[in-house]
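See below for the structure under consideration.
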Amino acid sequence: MITHYSDVQLHTLSIQGVKQIYKERLHFPIIYESSTFIRFQISSYTTLSFKEEYTPVSPAHVAFQVPYSLFYESASFLSQSGLLLLGQENDKYIDDENGRRNLYFRDGDGHLLEIIAHESVDETVLKPLGDLHIIYIREVGFPVSSVPVFREWLKNKLSMKTERDQDIFNFVISGTAHAVVVSKTRPWIPIALKALAPRMIVTFGTPNLSFIKELGEKVENAKWNSHLLCFSKEEYAFQVQFTPDLHKDVPAQLNLPF
């Protein structure tokens with residue numbers, strides 16, 4: 001099974017701008033850098049990467065899971081970072097209800113970012129990293145023309161699951177990885193941002209080598225690039241990586257449904 005997002009590579013128009021946001025303001029450590037590419041360590045098992053390309057940016061949505069008990073500390077750090085925070089309903093920046101807290105913000109390329117926390121998630125399993133206290137990437141958004149078609153592909157090919165199936169918006173889940181499959185006709189909250197397909201490469205992690213082998217036989221156009229299984233669906237590029245350090249039982253220990 002897929003346990004987590006191992007890396008998410010987003011599109012940028014400026015590596016220098018990315019460094020100003022993620023290194024200088026968010027204090028993410030750089031683990032690799034070139035003239036057109038940069039990668040940050042954002043949690044113990046997850047990286048966030050950016051590739052500079054001379055093409056327009058379609059904003060991506062990425063949500064970072066933080067501990068429920070440390071959420072307001074993370075929010076305070078964001079507020080002091082100088083980044084653009086986004087208002088939600090009733091002119092509030094933080095939504096805090098029913099055991100869930102979240103706060104939206106944007107980077108220099110307009111990517112829609114979020115910190116989110118759930119009281120039900122066990123905070124003792126994975127160590128949070130950095131001033132934002134990130135545990136893992138929880139959500140990546142996938143705007144598509146047909147939610148049912150893309151959802152069923154994720155379920156049938158990648159063995160991901162849903163709690164219930166919907167035609168406009170669906171969480172499709174495996175481990176800590178939540179794919180937010182949304183219709184392009186449904187804008188992203190909280191600012192009614194048009195949901196366009198972003199240029200990105202999403203890398204899933206799994207401790208199960210046989211899962212990767214079986215997946216390579218199930219998806220079309222799958223190929224190996226070094227140690228990664230690579231394939232695509234619609235506008236999206238995917239990779240699956242063998243990650244033995246994150247045990248398959250971690251999602252259950254975190255008290256997650258799948």
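Within each chain, counting starts at residue 1; across the structure tokens, chains are named A, B, ... in the order shown, with ligands numbered 1 upward in that order.
Residues in contact with A:Glu163 at 10 Å, where only C-alpha atoms are counted and same-chain residues fewer than 3 positions away are skipped, are listed as A:Gln166, A:Asn170, A:Phe171, A:Val172, A:Ile173, A:Pro257, A:Phe258.
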Include N, CA, C and O atoms and write out the residues we just selected as a short mmCIF file (atom, residue, chain, number, x, y, z; two decimals), in the first residue's frame.
```
data_model
loop_
_atom_site.label_atom_id
_atom_site.label_comp_id
_atom_site.auth_asym_id
_atom_site.auth_seq_id
_atom_site.Cartn_x
_atom_site.Cartn_y
_atom_site.Cartn_z
N GLN A 166 -18.24 10.79 -4.38
CA GLN A 166 -18.98 11.97 -4.81
C GLN A 166 -18.48 12.39 -6.19
O GLN A 166 -17.36 12.08 -6.58
N ASN A 170 -13.81 14.67 -4.00
CA ASN A 170 -13.57 13.42 -3.29
C ASN A 170 -12.18 13.39 -2.66
O ASN A 170 -11.20 13.81 -3.29
N PHE A 171 -12.10 12.90 -1.42
CA PHE A 171 -10.83 12.50 -0.84
C PHE A 171 -10.60 11.04 -1.21
O PHE A 171 -11.43 10.18 -0.89
N VAL A 172 -9.47 10.76 -1.86
CA VAL A 172 -9.09 9.39 -2.19
C VAL A 172 -7.80 9.12 -1.42
O VAL A 172 -6.80 9.82 -1.60
N ILE A 173 -7.83 8.12 -0.54
CA ILE A 173 -6.85 8.04 0.55
C ILE A 173 -6.09 6.72 0.55
O ILE A 173 -6.66 5.66 0.28
N PRO A 257 -7.94 6.34 8.92
CA PRO A 257 -8.92 5.33 8.48
C PRO A 257 -8.36 4.29 7.52
O PRO A 257 -8.79 3.14 7.54
N PHE A 258 -7.41 4.67 6.64
CA PHE A 258 -6.89 3.74 5.63
C PHE A 258 -5.37 3.70 5.71
O PHE A 258 -4.73 4.74 5.79
#
```
Query - Residue contacts of stretch 233-245 of chain A (10 Å, only C-alpha atoms) excluding same-chain residues fewer than 6 positions away, as a PyMOL selection string - result: chain A and resi 2-9+45+142-145+150+153-154+158+197-212+215-216+219-225+227
Query raised in the report: What is the atom CA of A:Thr46 to atom CA of A:Pro190 distance in Å?
Result: 25.7 Å
**Report entry** strand (DSSP E) residues, from DSSP on the backbone, in stretch 13-246 of chain A, as a ChimeraX atom specification
**Finding:** /A:30-33,37-43,46-52,61-65,84-86,94-97,100-106,112-118,136-144,169-174,177-183,201-206,223-225,228-233,236-242
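A straight line drawn from atom CA of A:Leu112 to atom CA of A:Arg151 is 21.7 Å long.
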Considering only C-alpha atoms, give me a table of residues in stretch 125-158 of chain A that are at most 10 Å from stretch 74-81 of chain A, with the closest atom pair and distance in Å for each, as a tab-separated table.
```
residue	atom	partner	partner_atom	distance
A:Gly130	CA	A:Ser74	CA	9.6
A:Asp131	CA	A:Ser74	CA	6.8
A:Leu132	CA	A:Ser74	CA	4.8
A:His133	CA	A:Ser74	CA	6.5
A:Ile134	CA	A:Ser74	CA	8.8
```
Within 6 Å of stretch 31-43 of chain A, which residues of stretch 56-170 of chain A show up? Give each one with its shortest atom-to-atom distance in Å (one decimal) and the two atoms involved, counting only C-alpha atoms, rows by chain then rising residue number, as a tab-separated table.
```
residue	atom	partner	partner_atom	distance
A:Leu129	CA	A:Ser43	CA	5.2
A:Ile134	CA	A:Ser43	CA	5.7
A:Ile135	CA	A:Ser43	CA	5.7
A:Tyr136	CA	A:Ser43	CA	5.8
```
Restricting it to N, CA and C atoms, dump the selection as an mmCIF file, in the first residue's frame.
```cif
data_model
loop_
_atom_site.group_PDB
_atom_site.id
_atom_site.type_symbol
_atom_site.label_atom_id
_atom_site.label_comp_id
_atom_site.auth_asym_id
_atom_site.auth_seq_id
_atom_site.Cartn_x
_atom_site.Cartn_y
_atom_site.Cartn_z
ATOM 1 N N LEU A 129 8.653 18.367 12.370
ATOM 2 C CA LEU A 129 9.921 18.952 11.950
ATOM 3 C C LEU A 129 9.779 20.456 11.714
ATOM 4 N N ILE A 134 5.773 20.331 10.924
ATOM 5 C CA ILE A 134 5.105 19.477 9.936
ATOM 6 C C ILE A 134 5.365 18.004 10.241
ATOM 7 N N ILE A 135 4.292 17.211 10.224
ATOM 8 C CA ILE A 135 4.401 15.761 10.406
ATOM 9 C C ILE A 135 4.483 15.075 9.055
ATOM 10 N N TYR A 136 3.627 15.490 8.127
ATOM 11 C CA TYR A 136 3.627 14.918 6.787
ATOM 12 C C TYR A 136 2.784 15.799 5.867
#
```
Query raised in the report: Skipping near chain neighbours, those fewer than 6 positions away, what residues fall within 12 Å of A:His111 using only C-alpha atoms, listed as an MDAnalysis selection string?
Result: chainID A and resid 9:13 18 21 50 57:63 83:84 104:105 140:141 188 193:200
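Straight-line separation from atom CA of A:Leu246 to atom CA of A:Lys218: 24.1 Å.
Proximity to A:Ala252 was assessed for A:Ser159, A:Arg138, A:Val125, A:Thr185 counting only C-alpha atoms; the smallest distance is recorded for A:Val125.
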Query raised in the report: If we count only C-alpha atoms, what is near A:Gly99 at a cut-off of 9 Å, once residues fewer than 2 positions away on the same chain are taken out, given as a ChimeraX atom specification?
Result: /A:68,96-97,101,117-120
Requested in this report: Run DSSP on the backbone and give me the residues of stretch 94-180 of chain A it puts in helix (DSSP H, G or I), as a PyMOL selection string.
Outcome: chain A and resi 147-158
